[in-house]
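Engineer: The following block contains the structure, expressed as structure tokens.
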Amino acid sequence: MKLVENIKTDLKTDVTWNRVARLTAEGARALPSASGRYVLEKFPIIGWLPKYNPRWILSDLIAGLTIGLMLIPQGLSYAKIAEIPVEYGLMSSWLPAAIYAFMGTTKDVSTGPTSLIGLLTSENVHALQDQFTPSEIASATAFMMGVYGMALGFLKLGFLLEFISLPVLSGFISAIAITIILNQMDSLLGEDNVGDGAATQIHDIFHELPNANGWACLIGFTGILFLTILDKSGKRWGSKYKVVWLLSITRAFLTLVLFTGVSYAVNKNREEYLFDVVKVKSSGQQAPKFPNPDLIPKVAGRSIAVFIGAAVEHTAICRAFSVKNDYTTDQSQELVYYGITNFFNSFFHAMGVGGAMSRTAVNSACNVKSPLSGLVTMAVVLVCIYELTGALFWIPKATLAAIIITAVWGLISPPSTFYKYWKTSFGDFVSSMVAFWVTLFVSSEVGIGCAVGFNIVYVLLRQTFTRLTSTGGGVASASELALALDESRSLPRNIPADTQIFRFNESLFFPNAFHNTTKALDDIQTFHAPVYNGSHGPEIERNWSVVGEKRVARLRKQANVTDPSALPVINVVIMDFGRVNHIDSTAVTHLKNMVAAVKRYGGKHVDIRFVGMSPYVRQRFERAKWHIVEAGDESGNGDENEDATVLYENIASALRTPRRFGSITGEEVLKAEAAHYEKAEA
């Protein structure tokens, strides 16, 4: 009985048990409404489709058609990288665009086969091709990518991908791009007997040059020249001439059509072709089939690197274009889409898919208005699968190699990027080099594993050997208590309503930088009204996405903000770095993005102020080309200091200083909105 009484007493008084009980009760009360909201979040189309403007249909139609024409050569090319029959690249391309129309949270992203996924899949194909067919290995890899994506997405564990820092990603993707180019050189030059591995390939490519096929070289290098001319022409004259712009963005499709025609003309009556062709033998989409159960356990571990690389690339593209086009994306929902698409796409004998930077950039340039363009893309690819596969038989392998090489060349980070890491943080530079060289000469799994492992060890060592500031021995220094009292005496009794203060309580580096900057931006949008600019505030031609406004409304509800119209605008943002003893290049990048987002939300007049930054941290910012000036020095050097961020000794002095750029009031926001309505109605 005494034991029972002890258990009862423990359950009543124990802090942990009480917390479990409280959280369980709160979860049970919130379950019905939270479950409904959770389901609705999985299908964003429910939110934005009722507000779809019929005038957007033409833009979505043009964008969908353009991306469909791009997907045909890219799907074939990236299947070649994966070393599976090229027709499976087309079979991988139609379903993702359709699913994204219902589950995507961006209007710009184009999903399908990518060069990164192709190369990482080819490593699995190489390892297991003695036991299974290449297409079976590719679909099993896609299946496991889907399982991992759904696990992280449904459980909202997308933050785990933040452990892959930007320098690691730069080195990894650059090495992948170089590896892809090396893998295509034998097709480009018409060489045989080229081995595997970067070192072996470099040796064999030069050793086999005397045996190269001149016709293949002619087709391949002419294709590269044609693609480059169209690309450069589009960048130079595309904004002035729509025809040049259209030729530029469809250059891969035009190259495919042109050289397939040449190949048919010169090879159709020959028993021995002048150069190798892909020999597509598909007769339409194959019937769906569950991936080989015996193969799934064998690719489960090997698919982790494919998943990590493709998922990080996909979410990074989503984030980049949502910032560029001023709407909000949901990283966890994108992982849900990524997982579901790869899971179900694998039943159609497909390789893995994800977001592609080149197609996404073109989609955005086409002024796409919503994800509905994906339905048009699906139709274009299906027409090709069922009606045009006979013509695809004659595609030269050298032409596909040319398309691949020109597509991945832009993925190689220039030396200036790695030099920036060298100047900003030696640790970031080393992690990028580990990712680059190990991935290039060993394998992608070992490369990204070693780089992430180095980052973890580096962070642990930094926390172990923390910097210590010594006082005494003749060094004049006020005590911590005295400094706190002095600062508190200078603080105003109330912080101005148009001011937001953030204090970072830990060092800022790749695992926590995105979370901290996102939390700061959330607080500004929760407690401050936006200045009128585009998607923030009322507008006649509203943005397609409702994810951002729903998120802000939910945050304000949680903060008990009942009257958003009464919120003050934001004029001053103060960031206190007093407790930050280290910052890396990933954190600086996220801070730059946050400042840009704040100025879009609150207007260019918003004054960003830094406080309490140590010389070491300030040096990191300045090495990353962030111009910082001491308080009192900002008036010098004219225009040079106008864009500089002012550094103050303490929060009190940052609060007391007058606004550098003036301020904006709620009345001025209302006047701007009224002027917009008058202009729209005129």
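By order of appearance in the structure tokens: chains A, B, ..., then residues from 1 within every chain, and ligands from 1 in the order shown.
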Mind checking which residues fall within 7 Å of Gly602 (chain A), counting only C-alpha atoms, ignoring those fewer than 6 positions away in the same chain, and posting them as a PyMOL selection string?
Structural biologist: chain A and resi 530-531+569-570
Engineer: Restricted to all heavy atoms, what would the selected residues look like written as an mmCIF file, in the first residue's frame?
Structural biologist:
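Listed below is the output, again26.cif:
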data_model
loop_
_atom_site.group_PDB
_atom_site.id
_atom_site.type_symbol
_atom_site.label_atom_id
_atom_site.label_comp_id
_atom_site.auth_asym_id
_atom_site.auth_seq_id
_atom_site.Cartn_x
_atom_site.Cartn_y
_atom_site.Cartn_z
ATOM 1 N N PRO A 530 1.864 45.469 -42.442
ATOM 2 C CA PRO A 530 2.749 45.654 -43.592
ATOM 3 C C PRO A 530 2.536 47.009 -44.240
ATOM 4 O O PRO A 530 1.430 47.539 -44.241
ATOM 5 C CB PRO A 530 2.332 44.526 -44.536
ATOM 6 C CG PRO A 530 0.883 44.317 -44.223
ATOM 7 C CD PRO A 530 0.718 44.600 -42.758
ATOM 8 N N VAL A 531 3.609 47.556 -44.793
ATOM 9 C CA VAL A 531 3.434 48.713 -45.663
ATOM 10 C C VAL A 531 2.847 48.175 -46.956
ATOM 11 O O VAL A 531 3.019 47.003 -47.290
ATOM 12 C CB VAL A 531 4.782 49.420 -45.927
ATOM 13 C CG1 VAL A 531 5.690 48.564 -46.786
ATOM 14 C CG2 VAL A 531 4.582 50.775 -46.562
ATOM 15 N N VAL A 569 3.008 49.884 -37.802
ATOM 16 C CA VAL A 569 3.959 49.463 -38.827
ATOM 17 C C VAL A 569 5.307 49.222 -38.180
ATOM 18 O O VAL A 569 5.520 49.554 -37.007
ATOM 19 C CB VAL A 569 4.078 50.528 -39.944
ATOM 20 C CG1 VAL A 569 2.771 50.666 -40.689
ATOM 21 C CG2 VAL A 569 4.509 51.866 -39.356
ATOM 22 N N ILE A 570 6.226 48.642 -38.905
ATOM 23 C CA ILE A 570 7.568 48.384 -38.385
ATOM 24 C C ILE A 570 8.535 49.406 -38.978
ATOM 25 O O ILE A 570 8.603 49.565 -40.191
ATOM 26 C CB ILE A 570 8.015 46.936 -38.692
ATOM 27 C CG1 ILE A 570 9.389 46.642 -38.092
ATOM 28 C CG2 ILE A 570 7.976 46.643 -40.189
ATOM 29 C CD1 ILE A 570 9.384 46.507 -36.616
#
Engineer: Pull the closest atom pair for each residue of region 76-184 of chain A that gets at most 8 Å from region 327-339 of chain A, along with the distance in Å to one decimal, counting only C-alpha atoms, ordering rows by chain and then ascending residue number, as a tab-separated table.
Structural biologist:
residue	atom	partner	partner_atom	distance
A:Ile99	CA	A:Tyr337	CA	7.7
A:Tyr100	CA	A:Tyr337	CA	7.0
A:Met103	CA	A:Tyr337	CA	5.9
A:Gly104	CA	A:Glu334	CA	6.4
A:Thr105	CA	A:Thr329	CA	5.3
A:Thr106	CA	A:Thr329	CA	6.0
A:Met145	CA	A:Gly339	CA	6.5
A:Gly146	CA	A:Gly339	CA	3.7
A:Val147	CA	A:Gly339	CA	6.0
A:Tyr148	CA	A:Gly339	CA	6.7
A:Gly149	CA	A:Gly339	CA	3.9
A:Met150	CA	A:Gly339	CA	4.5
A:Ala151	CA	A:Gly339	CA	7.9
A:Leu152	CA	A:Leu335	CA	6.8
A:Gly153	CA	A:Val336	CA	4.4
A:Phe154	CA	A:Val336	CA	6.1
A:Lys156	CA	A:Ser332	CA	5.3
A:Leu157	CA	A:Ser332	CA	7.0
A:Gly158	CA	A:Ser332	CA	5.3
Engineer: Mind pulling up the distance from CA of Val547 (chain A) to CA of Val323 (chain A)?
Structural biologist: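 So the answer is 13.4 Å.
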Engineer: Could you tell me how far CA of Lys397 (chain A) sits from CA of Gly220 (chain A), in Å to one decimal place?
Structural biologist: 8.4 Å
Engineer: To one decimal place in Å, what is the distance between CA of Ile403 (chain A) and CA of Ser444 (chain A)?
Structural biologist: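 CA of Ile403 (chain A) sits 22.8 Å away from CA of Ser444 (chain A).
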Engineer: Between A:Val168, A:Gly354, A:Met144, A:Val257, which residue has the minimum interatomic distance to Gly301 (chain A), considering only C-alpha atoms?
Structural biologist: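 Closest candidate: A:Met144.
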Engineer: Compare A:Thr406, A:Pro511, A:Thr200, A:His605 by their minimum atom-to-atom distance to Phe441 (chain A), counting only C-alpha atoms, and give me the closest one.
Structural biologist: A:Thr200
Engineer: Enumerate the residues of region 376-449 of chain A with a DSSP assignment of alpha helix (DSSP H), computed from the backbone, and present them as a VMD selection string.
Structural biologist: chain A and resid 376 to 387 389 to 392 397 to 408 415 to 424 426 to 441 444 to 449
Engineer: Applying 12 Å and only C-alpha atoms, which residues near Leu128 (chain A) remain after dropping the ones on its own chain fewer than 2 positions away? List them as a PyMOL selection string.
Structural biologist: chain A and resi 121-126+130-138+140-141+294-299+302
Engineer: Selection from above, N, CA and C atoms, as a CSV table (one decimal), in the first residue's frame, can you write it?
Structural biologist:
chain,number,residue,atom,x,y,z
A,121,THR,N,21.3,8.0,-58.7
A,121,THR,CA,20.6,6.8,-59.0
A,121,THR,C,21.6,5.8,-59.7
A,122,SER,N,22.4,6.4,-60.6
A,122,SER,CA,23.3,5.5,-61.4
A,122,SER,C,24.3,4.8,-60.5
A,123,GLU,N,24.6,5.4,-59.3
A,123,GLU,CA,25.5,4.7,-58.4
A,123,GLU,C,24.8,3.4,-57.9
A,124,ASN,N,23.5,3.5,-57.6
A,124,ASN,CA,22.8,2.3,-57.2
A,124,ASN,C,22.7,1.3,-58.3
A,125,VAL,N,22.5,1.8,-59.5
A,125,VAL,CA,22.4,0.9,-60.7
A,125,VAL,C,23.7,0.1,-60.9
A,126,HIS,N,24.9,0.8,-60.7
A,126,HIS,CA,26.2,0.2,-60.9
A,126,HIS,C,26.3,-0.9,-59.8
A,130,ASP,N,24.0,-6.4,-61.5
A,130,ASP,CA,24.2,-7.9,-61.8
A,130,ASP,C,23.0,-8.7,-61.3
A,131,GLN,N,22.2,-8.2,-60.4
A,131,GLN,CA,21.1,-8.9,-59.8
A,131,GLN,C,19.7,-8.5,-60.4
A,132,PHE,N,19.6,-7.2,-60.7
A,132,PHE,CA,18.3,-6.6,-61.1
A,132,PHE,C,18.5,-5.8,-62.4
A,133,THR,N,17.4,-5.5,-63.1
A,133,THR,CA,17.5,-4.6,-64.2
A,133,THR,C,17.6,-3.1,-63.8
A,134,PRO,N,18.3,-2.3,-64.6
A,134,PRO,CA,18.4,-0.9,-64.2
A,134,PRO,C,17.1,-0.2,-63.9
A,135,SER,N,16.1,-0.4,-64.7
A,135,SER,CA,14.8,0.2,-64.4
A,135,SER,C,14.2,-0.2,-63.1
A,136,GLU,N,14.4,-1.5,-62.7
A,136,GLU,CA,13.9,-1.9,-61.4
A,136,GLU,C,14.6,-1.2,-60.3
A,137,ILE,N,15.9,-1.1,-60.4
A,137,ILE,CA,16.7,-0.4,-59.4
A,137,ILE,C,16.3,1.0,-59.2
A,138,ALA,N,16.1,1.7,-60.4
A,138,ALA,CA,15.7,3.1,-60.3
A,138,ALA,C,14.4,3.3,-59.7
A,140,ALA,N,12.9,1.3,-57.5
A,140,ALA,CA,13.0,1.0,-56.0
A,140,ALA,C,13.7,2.1,-55.3
A,141,THR,N,14.6,2.8,-55.9
A,141,THR,CA,15.3,3.9,-55.3
A,141,THR,C,14.2,5.1,-55.1
A,294,ASP,N,12.0,-7.7,-53.3
A,294,ASP,CA,13.4,-8.2,-52.9
A,294,ASP,C,14.4,-7.2,-53.0
A,295,LEU,N,14.2,-6.2,-53.8
A,295,LEU,CA,15.2,-5.2,-54.1
A,295,LEU,C,15.1,-4.0,-53.1
A,296,ILE,N,14.0,-3.8,-52.5
A,296,ILE,CA,13.8,-2.6,-51.7
A,296,ILE,C,14.7,-2.6,-50.5
A,297,PRO,N,14.9,-3.7,-49.7
A,297,PRO,CA,15.9,-3.7,-48.6
A,297,PRO,C,17.3,-3.4,-49.1
A,298,LYS,N,17.6,-3.8,-50.3
A,298,LYS,CA,19.0,-3.6,-50.8
A,298,LYS,C,19.3,-2.2,-51.1
A,299,VAL,N,18.2,-1.4,-51.5
A,299,VAL,CA,18.5,0.0,-51.9
A,299,VAL,C,18.1,1.0,-50.8
A,302,ARG,N,21.2,2.7,-49.5
A,302,ARG,CA,21.8,3.4,-50.6
A,302,ARG,C,21.0,4.6,-51.1
Engineer: Counting only C-alpha atoms, which residue out of A:Ile405, A:Lys281, A:Leu188, A:Ala98 sits closest to Leu388 (chain A)?
Structural biologist: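 Smallest distance to Leu388 (chain A) is found for A:Lys281.
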